[in-house]
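Coordinates as given in model.cif (mmCIF, C-alpha atoms):
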data_entry
#
loop_
_atom_site.label_atom_id
_atom_site.label_comp_id
_atom_site.auth_asym_id
_atom_site.auth_seq_id
_atom_site.Cartn_x
_atom_site.Cartn_y
_atom_site.Cartn_z
CA MET N 1 17.08 -20.37 19.50
CA SER N 2 13.79 -18.88 20.75
CA ILE N 3 10.56 -19.55 18.84
CA PHE N 4 10.40 -15.84 17.91
CA LYS N 5 13.97 -15.81 16.54
CA ALA N 6 13.24 -18.98 14.60
CA ARG N 7 10.18 -17.33 13.01
CA VAL N 8 12.21 -14.23 12.12
CA LYS N 9 14.79 -16.48 10.45
CA GLU N 10 12.03 -18.25 8.48
CA PHE N 11 10.73 -14.90 7.18
CA GLU N 12 14.24 -13.74 6.30
CA ASP N 13 14.74 -16.95 4.32
CA VAL N 14 11.42 -16.80 2.47
CA LEU N 15 11.62 -13.07 1.62
CA SER N 16 15.32 -13.12 0.61
CA PRO N 17 15.83 -16.54 -0.96
CA PRO N 18 19.08 -17.37 -2.82
CA GLN N 19 17.04 -17.68 -6.02
CA ASP N 20 15.10 -14.82 -7.64
CA VAL N 21 11.58 -16.18 -7.10
CA ILE N 22 9.81 -16.15 -3.75
CA ASP N 23 8.03 -19.33 -2.71
CA LEU N 24 4.48 -17.98 -2.41
CA LYS N 25 3.13 -21.14 -0.87
CA GLU N 26 5.71 -21.00 1.92
CA LEU N 27 5.13 -17.25 2.45
CA ARG N 28 1.39 -17.90 2.79
CA ARG N 29 2.02 -20.71 5.25
CA LEU N 30 4.25 -18.52 7.42
CA ALA N 31 2.14 -15.35 7.23
CA PHE N 32 -1.01 -17.32 8.09
CA SER N 33 0.41 -17.81 11.60
CA GLY N 34 1.20 -14.10 11.95
CA VAL N 35 3.99 -11.91 10.58
CA PRO N 36 6.65 -10.91 13.17
CA ASP N 37 6.44 -7.21 13.93
CA VAL N 38 10.08 -6.53 13.00
CA GLN N 39 12.03 -5.29 9.98
CA SER N 40 9.84 -4.75 6.89
CA PHE N 41 8.32 -8.23 7.09
CA ARG N 42 4.66 -7.26 7.34
CA ALA N 43 4.74 -4.41 4.80
CA LEU N 44 6.60 -6.56 2.29
CA SER N 45 4.50 -9.68 2.92
CA TRP N 46 1.25 -7.74 2.44
CA LYS N 47 2.54 -6.17 -0.80
CA ILE N 48 3.21 -9.67 -2.13
CA LEU N 49 0.09 -11.37 -0.73
CA LEU N 50 -2.15 -8.61 -2.16
CA GLY N 51 -0.47 -8.93 -5.56
CA TYR N 52 1.10 -5.46 -5.67
CA LEU N 53 4.55 -7.05 -6.00
CA GLY N 54 5.08 -10.26 -7.98
CA PRO N 55 7.07 -13.24 -6.68
CA ARG N 56 10.06 -12.36 -8.89
CA ARG N 57 12.27 -10.07 -6.78
CA SER N 58 14.21 -8.74 -9.78
CA SER N 59 10.96 -7.12 -11.01
CA TRP N 60 10.31 -5.13 -7.81
CA THR N 61 12.48 -2.09 -8.56
CA SER N 62 10.83 -1.40 -11.91
CA THR N 63 7.30 -2.20 -10.63
CA LEU N 64 7.67 0.18 -7.69
CA ALA N 65 9.22 2.97 -9.80
CA GLN N 66 6.46 2.65 -12.40
CA LYS N 67 3.58 2.55 -9.89
CA ARG N 68 4.93 5.41 -7.80
CA ALA N 69 5.37 7.60 -10.89
CA LEU N 70 1.80 6.75 -11.91
CA TYR N 71 0.51 7.73 -8.48
CA LYS N 72 2.33 11.08 -8.68
CA GLN N 73 0.54 11.62 -11.98
CA PHE N 74 -2.82 10.87 -10.29
CA ILE N 75 -2.09 13.58 -7.70
CA GLU N 76 -1.18 16.10 -10.39
CA GLU N 77 -4.24 15.34 -12.51
CA LEU N 78 -6.90 14.58 -9.90
CA VAL N 79 -5.95 16.43 -6.73
CA LEU N 80 -4.31 19.69 -7.75
CA PRO N 81 -6.77 22.43 -8.81
CA PRO N 82 -7.22 23.00 -12.57
CA GLY N 83 -4.56 25.28 -14.04
CA HIS N 84 -2.20 24.59 -11.16
CA SER N 85 1.52 25.08 -11.51
CA ILE N 86 4.08 22.43 -10.66
CA ASN N 87 7.62 23.56 -9.81
CA GLY N 88 6.68 27.06 -10.80
CA ASP N 89 5.85 26.16 -14.44
CA GLU N 90 2.39 27.32 -15.41
CA ALA N 91 0.13 24.66 -16.79
CA ALA N 92 -0.63 25.41 -20.41
CA GLY N 93 -4.04 25.04 -21.99
CA GLY N 94 -4.13 22.17 -24.46
CA ASP N 95 -5.31 22.11 -28.06
CA GLY N 96 -4.53 25.73 -28.71
CA ASP N 97 -6.77 27.15 -25.96
CA LYS N 98 -5.97 30.73 -25.17
CA VAL N 99 -4.27 30.80 -21.83
CA ASP N 100 -4.74 33.75 -19.50
CA SER N 101 -2.04 34.98 -17.14
CA GLY N 102 -3.13 32.46 -14.48
CA GLY N 103 -2.35 29.52 -16.77
CA VAL N 104 -6.03 28.50 -17.06
CA GLY N 105 -7.59 27.94 -20.48
CA LEU N 106 -10.42 30.51 -20.83
CA GLN N 107 -12.99 27.77 -21.46
CA ASP N 108 -11.82 26.35 -18.13
CA HIS N 109 -12.26 29.48 -16.04
CA PRO N 110 -13.53 28.86 -12.46
CA LEU N 111 -16.82 30.56 -13.38
CA SER N 112 -17.35 28.31 -16.41
CA GLU N 113 -20.27 25.98 -15.68
CA GLY N 114 -20.08 23.70 -18.70
CA PRO N 115 -20.38 20.01 -17.85
CA GLU N 116 -16.91 19.42 -19.34
CA SER N 117 -15.37 22.18 -17.23
CA ALA N 118 -12.59 20.90 -15.01
CA TRP N 119 -13.70 23.47 -12.44
CA ASN N 120 -17.24 22.12 -12.53
CA THR N 121 -15.87 18.68 -11.63
CA PHE N 122 -13.63 20.27 -9.01
CA PHE N 123 -16.66 21.77 -7.23
CA ASN N 124 -18.84 18.67 -7.65
CA ASP N 125 -16.21 16.57 -5.89
CA ASN N 126 -17.13 18.38 -2.71
CA GLU N 127 -20.05 16.07 -2.02
CA PHE N 128 -18.10 12.86 -1.44
CA LEU N 129 -15.02 14.75 -0.25
CA LEU N 130 -17.10 16.03 2.66
CA GLN N 131 -17.84 12.46 3.76
CA ILE N 132 -14.23 11.32 3.31
CA ASP N 133 -13.07 14.32 5.35
CA LYS N 134 -15.47 13.43 8.16
CA ASP N 135 -14.46 9.76 8.19
CA VAL N 136 -10.66 10.14 8.06
CA ARG N 137 -10.63 12.70 10.86
CA ARG N 138 -11.84 9.96 13.22
CA LEU N 139 -9.64 7.08 12.07
CA CYS N 140 -8.31 4.65 14.73
CA PRO N 141 -8.93 7.00 17.69
CA ASP N 142 -7.39 4.53 20.14
CA ILE N 143 -3.92 5.49 18.81
CA SER N 144 -2.50 8.95 18.06
CA PHE N 145 -0.75 7.86 14.84
CA PHE N 146 -3.19 9.39 12.33
CA GLN N 147 -3.06 12.79 14.03
CA GLN N 148 0.75 12.89 13.84
CA PRO N 149 2.63 14.59 10.98
CA THR N 150 4.06 12.35 8.29
CA GLU N 151 7.82 12.62 7.77
CA TYR N 152 7.18 12.47 4.02
CA PRO N 153 4.49 15.03 3.12
CA CYS N 154 3.48 15.38 -0.53
CA GLU N 155 5.54 18.42 -1.52
CA ILE N 156 3.38 19.61 -4.42
CA VAL N 157 0.37 19.63 -2.10
CA VAL N 158 1.69 21.02 1.19
CA HIS N 159 3.57 23.92 -0.40
CA SER N 160 0.53 25.62 -1.85
CA LYS N 161 2.26 28.89 -2.85
CA GLY N 162 -0.86 30.63 -1.57
CA GLU N 163 -3.10 28.64 -3.92
CA HIS N 164 -6.31 27.42 -2.27
CA GLY N 165 -7.51 23.87 -2.75
CA ARG N 166 -4.34 21.83 -3.11
CA ARG N 167 -5.03 20.39 0.32
CA LEU N 168 -8.29 18.51 0.08
CA HIS N 169 -9.62 19.50 3.49
CA GLU N 170 -9.48 23.16 2.42
CA ARG N 171 -11.96 22.41 -0.33
CA VAL N 172 -14.60 20.90 1.92
CA VAL N 173 -17.63 23.13 2.03
CA PRO N 174 -20.05 21.88 4.69
CA ALA N 175 -23.37 21.06 3.06
CA VAL N 176 -26.24 18.66 3.47
CA LEU N 177 -24.91 15.29 2.37
CA SER N 178 -26.71 13.48 -0.36
CA SER N 179 -26.59 10.01 1.14
CA ALA N 180 -26.67 8.23 -2.22
CA ASN N 181 -23.05 9.07 -2.90
CA VAL N 182 -21.55 7.93 0.34
CA GLU N 183 -23.48 4.91 1.47
CA ARG N 184 -23.35 1.56 -0.23
CA LYS N 185 -25.00 2.02 -3.60
CA GLY N 186 -28.72 1.39 -3.11
CA LEU N 187 -28.22 0.43 0.50
CA GLY N 188 -31.33 -0.54 2.41
CA MET N 189 -31.66 -1.49 6.05
CA THR N 190 -28.29 -3.25 6.08
CA LYS N 191 -26.77 0.13 6.91
CA ILE N 192 -27.43 -0.83 10.53
CA ASN N 193 -24.54 0.07 12.74
CA LEU N 194 -21.87 0.00 10.07
CA ILE N 195 -20.24 3.14 11.40
CA THR N 196 -21.13 3.35 15.05
CA LYS N 197 -17.98 2.73 16.96
CA ARG N 198 -15.78 5.68 16.11
CA SER N 199 -14.97 8.63 18.33
CA VAL N 200 -16.63 11.97 17.70
CA GLU N 201 -13.39 13.86 18.12
CA ASN N 202 -12.09 15.31 14.85
CA TYR N 203 -8.39 15.53 14.06
CA ALA N 204 -6.92 18.92 13.13
CA ALA N 205 -5.04 19.68 9.92
CA MET N 206 -1.35 20.67 9.91
CA GLU N 207 0.22 24.00 9.03
CA GLU N 208 1.63 24.88 5.58
CA GLY N 209 4.53 22.57 4.69
CA GLN N 210 3.32 19.67 6.85
CA GLU N 211 0.48 17.18 6.75
CA ALA N 212 -0.92 14.64 9.17
CA HIS N 213 -1.26 10.96 8.29
CA TRP N 214 -5.07 11.32 8.11
CA GLU N 215 -4.63 13.94 5.36
CA VAL N 216 -2.58 11.42 3.34
CA VAL N 217 -5.31 8.79 3.80
CA GLN N 218 -7.88 11.37 2.67
CA ARG N 219 -5.95 11.87 -0.58
CA ILE N 220 -5.70 8.10 -1.18
CA LEU N 221 -9.49 7.68 -0.77
CA PHE N 222 -10.23 10.74 -2.91
CA ILE N 223 -8.07 9.46 -5.77
CA TYR N 224 -9.62 5.99 -5.47
CA ALA N 225 -13.12 7.49 -5.66
CA LYS N 226 -12.18 9.61 -8.70
CA LEU N 227 -10.73 6.59 -10.52
CA ASN N 228 -13.75 4.40 -9.66
CA PRO N 229 -16.74 6.65 -10.39
CA GLY N 230 -19.16 3.71 -10.66
CA GLN N 231 -18.53 2.94 -7.02
CA GLY N 232 -17.17 6.22 -5.69
CA TYR N 233 -16.46 6.56 -2.00
CA VAL N 234 -18.48 4.46 0.41
CA GLN N 235 -18.41 4.89 4.16
CA GLY N 236 -16.27 2.17 5.71
CA MET N 237 -13.55 2.26 3.04
CA ASN N 238 -11.63 4.48 5.48
CA GLU N 239 -11.53 1.53 7.90
CA ILE N 240 -10.06 -0.71 5.18
CA VAL N 241 -7.35 1.70 4.05
CA GLY N 242 -6.34 2.75 7.59
CA PRO N 243 -4.51 -0.43 8.70
CA ILE N 244 -2.77 -0.82 5.30
CA TYR N 245 -1.50 2.75 5.44
CA TYR N 246 -0.39 2.32 9.06
CA VAL N 247 1.71 -0.72 8.09
CA MET N 248 3.30 1.01 5.08
CA ALA N 249 3.95 4.29 6.93
CA SER N 250 5.52 2.47 9.91
CA ASP N 251 7.95 0.49 7.75
CA PRO N 252 11.38 0.61 9.49
CA ASP N 253 13.01 0.75 6.03
CA LEU N 254 12.88 4.49 5.28
CA SER N 255 13.36 3.98 1.54
CA TYR N 256 10.01 2.16 1.58
CA ARG N 257 8.34 4.39 4.18
CA ALA N 258 8.98 7.45 1.99
CA HIS N 259 6.58 5.92 -0.57
CA ALA N 260 3.95 4.71 1.89
CA GLU N 261 1.19 6.75 0.23
CA ALA N 262 1.63 5.34 -3.29
CA ASP N 263 2.27 1.78 -2.09
CA CYS N 264 -0.76 1.90 0.21
CA PHE N 265 -2.93 3.20 -2.66
CA PHE N 266 -2.11 0.21 -4.87
CA CYS N 267 -2.43 -2.34 -2.05
CA PHE N 268 -5.79 -0.81 -1.07
CA THR N 269 -6.95 -0.87 -4.71
CA ALA N 270 -5.93 -4.54 -4.98
CA LEU N 271 -7.84 -5.44 -1.80
CA MET N 272 -10.88 -3.39 -2.87
CA SER N 273 -10.97 -5.28 -6.18
CA GLU N 274 -11.62 -8.39 -4.07
CA ILE N 275 -14.14 -6.91 -1.63
CA ARG N 276 -15.79 -4.20 -3.73
CA ASP N 277 -18.87 -6.43 -4.06
CA PHE N 278 -19.38 -6.03 -0.28
CA PHE N 279 -19.91 -2.32 -0.90
CA ILE N 280 -22.28 -2.61 -3.87
CA LYS N 281 -25.88 -3.34 -2.96
CA THR N 282 -26.87 -4.79 -6.34
CA LEU N 283 -24.25 -7.53 -5.92
CA ASP N 284 -25.35 -8.53 -2.40
CA ASP N 285 -26.68 -11.91 -3.55
CA ALA N 286 -23.78 -12.58 -5.92
CA GLU N 287 -21.17 -15.09 -4.82
CA GLY N 288 -18.86 -12.33 -3.59
CA GLY N 289 -21.66 -10.18 -2.20
CA ILE N 290 -22.25 -9.50 1.47
CA LYS N 291 -25.56 -11.38 1.82
CA PHE N 292 -23.89 -14.46 0.41
CA MET N 293 -21.05 -14.07 2.93
CA MET N 294 -23.48 -13.64 5.84
CA ALA N 295 -25.38 -16.74 4.69
CA ARG N 296 -22.12 -18.72 4.67
CA LEU N 297 -21.43 -17.58 8.24
CA SER N 298 -24.97 -18.58 9.30
CA ASN N 299 -24.60 -22.01 7.73
CA MET N 300 -21.26 -22.57 9.43
CA LEU N 301 -22.74 -21.54 12.80
CA LYS N 302 -25.69 -23.89 12.21
CA SER N 303 -23.36 -26.83 11.52
CA LYS N 304 -21.06 -26.08 14.48
CA ASP N 305 -23.61 -25.19 17.18
CA LEU N 306 -27.28 -25.68 16.41
CA ASN N 307 -28.35 -24.38 19.84
CA ILE N 308 -26.81 -20.94 19.35
CA TYR N 309 -28.07 -20.82 15.77
CA GLU N 310 -31.63 -21.61 16.86
CA LEU N 311 -31.52 -19.18 19.78
CA LEU N 312 -30.36 -16.24 17.64
CA LYS N 313 -33.01 -17.19 15.08
CA SER N 314 -35.77 -17.32 17.73
CA GLN N 315 -34.64 -13.92 19.07
CA GLU N 316 -34.78 -12.64 15.45
CA LEU N 317 -31.21 -11.49 15.85
CA HIS N 318 -30.40 -11.51 12.15
CA PRO N 319 -26.79 -11.76 10.94
CA GLN N 320 -26.94 -8.25 9.44
CA TYR N 321 -27.25 -6.80 12.95
CA TYR N 322 -23.63 -7.75 13.66
CA SER N 323 -21.88 -9.72 10.91
CA PHE N 324 -22.61 -7.17 8.19
CA ARG N 325 -20.06 -4.84 9.74
CA TRP N 326 -17.70 -7.66 10.75
CA LEU N 327 -17.46 -8.97 7.19
CA THR N 328 -17.65 -5.72 5.22
CA LEU N 329 -14.90 -4.08 7.22
CA LEU N 330 -12.83 -7.28 7.71
CA LEU N 331 -13.20 -6.96 11.51
CA SER N 332 -11.30 -3.66 11.53
CA GLN N 333 -13.76 -2.10 13.96
CA GLU N 334 -14.13 -5.00 16.36
CA PHE N 335 -10.57 -5.17 17.70
CA PRO N 336 -7.64 -2.83 18.53
CA LEU N 337 -5.34 -2.08 15.57
CA PRO N 338 -2.52 -4.52 16.52
CA ASP N 339 -5.10 -7.33 16.63
CA VAL N 340 -6.56 -6.25 13.28
CA LEU N 341 -3.07 -6.47 11.72
CA ARG N 342 -2.68 -9.99 13.12
CA ILE N 343 -6.10 -11.03 11.74
CA TRP N 344 -5.26 -9.55 8.34
CA ASP N 345 -1.96 -11.50 8.19
CA SER N 346 -4.08 -14.67 8.17
CA VAL N 347 -6.83 -13.29 5.93
CA PHE N 348 -4.37 -12.08 3.26
CA ALA N 349 -2.41 -15.34 3.47
CA ASP N 350 -5.57 -17.43 3.01
CA GLU N 351 -5.64 -18.65 -0.57
CA GLN N 352 -9.42 -18.91 -0.35
CA ARG N 353 -9.09 -15.36 0.97
CA PHE N 354 -12.31 -14.94 2.96
CA ASP N 355 -12.91 -18.52 4.12
CA PHE N 356 -10.80 -17.90 7.18
CA LEU N 357 -12.50 -14.55 7.84
CA ILE N 358 -15.82 -16.42 8.10
CA LYS N 359 -14.22 -18.94 10.48
CA ILE N 360 -12.95 -16.11 12.72
CA CYS N 361 -16.44 -14.59 12.80
CA CYS N 362 -17.96 -17.96 13.63
CA SER N 363 -15.40 -18.47 16.42
CA MET N 364 -16.24 -15.05 17.86
CA ILE N 365 -19.82 -16.26 18.34
CA LEU N 366 -18.91 -19.74 19.61
CA ILE N 367 -16.44 -18.36 22.16
CA GLN N 368 -19.30 -16.31 23.70
CA ARG N 369 -21.59 -19.37 23.75
CA GLU N 370 -22.43 -19.34 27.47
CA ALA N 371 -23.26 -15.62 27.55
CA ILE N 372 -25.32 -15.78 24.34
CA LEU N 373 -27.43 -18.70 25.60
CA GLU N 374 -28.26 -16.78 28.82
CA ASN N 375 -28.82 -13.36 27.21
CA ASP N 376 -32.01 -11.81 25.89
CA PHE N 377 -32.18 -10.14 22.45
CA ALA N 378 -30.98 -6.70 23.62
CA SER N 379 -28.00 -8.10 25.56
CA ASN N 380 -26.96 -10.28 22.63
CA VAL N 381 -27.13 -7.38 20.18
CA LYS N 382 -24.94 -5.37 22.55
CA LEU N 383 -22.51 -8.25 23.01
CA LEU N 384 -22.07 -8.89 19.29
CA GLN N 385 -21.97 -5.23 18.24
CA ASN N 386 -19.44 -4.37 20.98
CA TYR N 387 -17.36 -7.49 21.14
CA PRO N 388 -15.70 -7.89 24.57
CA PRO N 389 -11.91 -7.58 24.89
CA ILE N 390 -10.16 -10.89 24.27
CA ASP N 391 -6.70 -12.25 23.46
CA ILE N 392 -6.82 -12.35 19.66
CA ASN N 393 -4.73 -15.54 19.60
CA VAL N 394 -7.54 -17.36 21.40
CA VAL N 395 -9.93 -16.38 18.58
CA ILE N 396 -7.48 -17.29 15.82
CA THR N 397 -6.58 -20.65 17.41
CA HIS N 398 -10.29 -21.44 17.74
CA ALA N 399 -10.90 -20.46 14.11
CA ARG N 400 -8.06 -22.72 12.94
CA SER N 401 -9.71 -25.63 14.76
CA LEU N 402 -12.92 -25.27 12.71
CA ALA N 403 -12.61 -27.87 9.97
#
Could you write out this structure as structure tokens?
Amino acid sequence: MSIFKARVKEFEDVLSPPQDVIDLKELRRLAFSGVPDVQSFRALSWKILLGYLGPRRSSWTSTLAQKRALYKQFIEELVLPPGHSINGDEAAGGDGDKVDSGGVGLQDHPLSEGPESAWNTFFNDNEFLLQIDKDVRRLCPDISFFQQPTEYPCEIVVHSKGEHGRRLHERVVPAVLSSANVERKGLGMTKINLITKRSVENYAAMEEGQEAHWEVVQRILFIYAKLNPGQGYVQGMNEIVGPIYYVMASDPDLSYRAHAEADCFFCFTALMSEIRDFFIKTLDDAEGGIKFMMARLSNMLKSKDLNIYELLKSQELHPQYYSFRWLTLLLSQEFPLPDVLRIWDSVFADEQRFDFLIKICCSMILIQREAILENDFASNVKLLQNYPPIDINVVITHARSLA
């Protein structure tokens, strides 16, 4: 039996054990070495490793049904315009509001400007929606996936019955962005080069009745921002949700793929609950904050290779010039998508979650040791901000060797 077939058999055994409960420790051990790119192994493993599905398989059907119904509710309440109709039934005004022929309570007329007006909120959403729209139209430009139509468009959104605004990109009114809403809250100079590597080409929207994968990702980010107003949408979240959505929407099991949007939303939310501190400036120095993570990387580099550490320090090449983006975006911008998926297998399987991420980052520097020691400041910045192509297994093997 080939090594690959043996690994496939191991995943089959751990994900479909004779007993009801999955051995999480064994799943982590296997996934840490990479999930085979066959069947639904990766999508299912990530759902379990991120805590969306529990280890008890008999609970999956009810968990999935419940979460997917909840997500449909989010779309109806947060995405569709106020007073919308679903399946042709007009939405009624609550609490005895008079309802006009359009199904909109009079106090909730589009021209009403009261702070409680649903329409007021609808128009105010434009500010962060504009940034989401910009970011998702450039997602993973090295593959055409996000520009392609999904086989499972959201029916209540794509069949607009002539109603404007069901599709989020239709609501985007170009305006001057207020940066406070879209950058890390209170972000200072650490904004350096967080979003520099994406293509300038923008993806087009689909015709009525269809939607592209990037439009689905836009809806996921919009709903997340609406449900987390304290944090809202922050640039870079698009790079976190992209790979998760790609995995869910490429699931060979069509019964799962049909629900990629809802499943991705809850996996993304679970991951964001672990890394949200990276995106909040006031928590930078907290144990889960980004400054703390960069300091851990610096300390590891210092203990593994004092020469490189001292050189970067003497060149005043501070960790935020490169590792801020590496850590915040979980390396999603440094490598091609297939390599990112392989890195994330290990990161999600790591019980200490981000310990291994720091080791990978440290290995990335150590592997370039010779070049770094010869380079001046400008060449080193360029090297670390545009990491050279490399076999990802070399990096991961190196990272595993760091005690």
- Task: Evaluate the PyMOL selection byres ((chain N and resi 155) around 10) and record the selected residues as a list in words, following the chain and residue labels used in the document.
- Result: Asn87, Tyr152, Pro153, Cys154, Ile156, Val157, Val158, His159, Ser160, Gly209, Gln210 and Glu211 of chain N
- Within 12 Å of (-23.5, -18.4, 5.2), in the coordinates the file gives, what residues turn up when you count all atoms listed in the file, written out as an MDAnalysis selection string? chainID N and resid 285 287:303 309 318:320 323:324 327 354:355 357:359 361:362
- Message: Residues near Lys72 (chain N), anyone? I mean within 10 Å using only C-alpha atoms, not counting same-chain ones fewer than 4 positions away, as a ChimeraX atom specification.
- Response: /N:67-68,76-78,154,156,261-262
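Picked by the PyMOL selection byres ((chain N and resi 267) around 10) from the coordinates shown: N:Trp46, N:Lys47, N:Ile48, N:Leu49, N:Leu50, N:Gly51, N:Tyr52, N:Leu53, N:Val241, N:Ile244, N:Tyr245, N:Met248, N:Ala262, N:Asp263, N:Cys264, N:Phe265, N:Phe266, N:Phe268, N:Thr269, N:Ala270, N:Leu271, N:Met272, N:Ser273.
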- Item | From N:Arg166, N:Arg42, N:Ser58, N:Asp13, residue lying nearest Pro81 (chain N) [all atoms listed in the file] | N:Arg166
Would you fill the gaps in region 292-299 of chain N so it has all heavy atoms, then print it as a PDB file, keeping the file's coordinate frame?
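Output below, filename out26.pdb:
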ATOM      1  N   PHE N 292     -24.424 -13.116   0.628  1.00  0.00           N
ATOM      2  CA  PHE N 292     -23.890 -14.460   0.410  1.00  0.00           C
ATOM      3  C   PHE N 292     -22.894 -14.822   1.517  1.00  0.00           C
ATOM      4  O   PHE N 292     -22.905 -15.929   2.049  1.00  0.00           O
ATOM      5  CB  PHE N 292     -23.234 -14.528  -0.973  1.00  0.00           C
ATOM      6  CG  PHE N 292     -22.690 -15.881  -1.328  1.00  0.00           C
ATOM      7  CD1 PHE N 292     -23.527 -16.889  -1.790  1.00  0.00           C
ATOM      8  CD2 PHE N 292     -21.334 -16.154  -1.207  1.00  0.00           C
ATOM      9  CE1 PHE N 292     -23.028 -18.150  -2.121  1.00  0.00           C
ATOM     10  CE2 PHE N 292     -20.815 -17.409  -1.536  1.00  0.00           C
ATOM     11  CZ  PHE N 292     -21.671 -18.407  -1.993  1.00  0.00           C
ATOM     12  N   MET N 293     -22.042 -13.847   1.863  1.00  0.00           N
ATOM     13  CA  MET N 293     -21.050 -14.070   2.930  1.00  0.00           C
ATOM     14  C   MET N 293     -21.737 -14.289   4.274  1.00  0.00           C
ATOM     15  O   MET N 293     -21.356 -15.170   5.044  1.00  0.00           O
ATOM     16  CB  MET N 293     -20.105 -12.860   3.027  1.00  0.00           C
ATOM     17  CG  MET N 293     -19.218 -12.661   1.814  1.00  0.00           C
ATOM     18  SD  MET N 293     -17.854 -13.836   1.756  1.00  0.00           S
ATOM     19  CE  MET N 293     -16.764 -13.148   2.987  1.00  0.00           C
ATOM     20  N   MET N 294     -22.770 -13.495   4.563  1.00  0.00           N
ATOM     21  CA  MET N 294     -23.480 -13.640   5.840  1.00  0.00           C
ATOM     22  C   MET N 294     -24.199 -14.990   5.897  1.00  0.00           C
ATOM     23  O   MET N 294     -24.260 -15.626   6.952  1.00  0.00           O
ATOM     24  CB  MET N 294     -24.472 -12.479   6.044  1.00  0.00           C
ATOM     25  CG  MET N 294     -23.784 -11.156   6.320  1.00  0.00           C
ATOM     26  SD  MET N 294     -24.889  -9.828   6.894  1.00  0.00           S
ATOM     27  CE  MET N 294     -25.884  -9.508   5.450  1.00  0.00           C
ATOM     28  N   ALA N 295     -24.707 -15.430   4.753  1.00  0.00           N
ATOM     29  CA  ALA N 295     -25.380 -16.740   4.690  1.00  0.00           C
ATOM     30  C   ALA N 295     -24.367 -17.861   4.959  1.00  0.00           C
ATOM     31  O   ALA N 295     -24.673 -18.830   5.661  1.00  0.00           O
ATOM     32  CB  ALA N 295     -26.034 -16.931   3.329  1.00  0.00           C
ATOM     33  N   ARG N 296     -23.166 -17.720   4.426  1.00  0.00           N
ATOM     34  CA  ARG N 296     -22.120 -18.720   4.670  1.00  0.00           C
ATOM     35  C   ARG N 296     -21.780 -18.795   6.164  1.00  0.00           C
ATOM     36  O   ARG N 296     -21.584 -19.876   6.717  1.00  0.00           O
ATOM     37  CB  ARG N 296     -20.854 -18.388   3.879  1.00  0.00           C
ATOM     38  CG  ARG N 296     -20.949 -18.762   2.403  1.00  0.00           C
ATOM     39  CD  ARG N 296     -19.663 -18.443   1.674  1.00  0.00           C
ATOM     40  NE  ARG N 296     -18.532 -19.223   2.182  1.00  0.00           N
ATOM     41  CZ  ARG N 296     -17.256 -18.950   1.899  1.00  0.00           C
ATOM     42  NH1 ARG N 296     -16.954 -17.924   1.121  1.00  0.00           N
ATOM     43  NH2 ARG N 296     -16.287 -19.684   2.393  1.00  0.00           N
ATOM     44  N   LEU N 297     -21.708 -17.620   6.797  1.00  0.00           N
ATOM     45  CA  LEU N 297     -21.430 -17.580   8.240  1.00  0.00           C
ATOM     46  C   LEU N 297     -22.559 -18.272   9.018  1.00  0.00           C
ATOM     47  O   LEU N 297     -22.314 -19.083   9.910  1.00  0.00           O
ATOM     48  CB  LEU N 297     -21.231 -16.136   8.703  1.00  0.00           C
ATOM     49  CG  LEU N 297     -21.105 -15.918  10.217  1.00  0.00           C
ATOM     50  CD1 LEU N 297     -19.945 -16.719  10.808  1.00  0.00           C
ATOM     51  CD2 LEU N 297     -20.921 -14.429  10.534  1.00  0.00           C
ATOM     52  N   SER N 298     -23.812 -17.959   8.648  1.00  0.00           N
ATOM     53  CA  SER N 298     -24.970 -18.580   9.300  1.00  0.00           C
ATOM     54  C   SER N 298     -24.947 -20.098   9.176  1.00  0.00           C
ATOM     55  O   SER N 298     -25.198 -20.825  10.140  1.00  0.00           O
ATOM     56  CB  SER N 298     -26.272 -18.063   8.666  1.00  0.00           C
ATOM     57  OG  SER N 298     -26.680 -16.911   9.334  1.00  0.00           O
ATOM     58  N   ASN N 299     -24.636 -20.560   7.970  1.00  0.00           N
ATOM     59  CA  ASN N 299     -24.600 -22.010   7.730  1.00  0.00           C
ATOM     60  C   ASN N 299     -23.495 -22.690   8.539  1.00  0.00           C
ATOM     61  O   ASN N 299     -23.678 -23.796   9.039  1.00  0.00           O
ATOM     62  CB  ASN N 299     -24.410 -22.304   6.227  1.00  0.00           C
ATOM     63  CG  ASN N 299     -25.640 -21.906   5.431  1.00  0.00           C
ATOM     64  OD1 ASN N 299     -26.745 -21.839   5.974  1.00  0.00           O
ATOM     65  ND2 ASN N 299     -25.452 -21.604   4.151  1.00  0.00           N
TER      66      ASN N 299
END
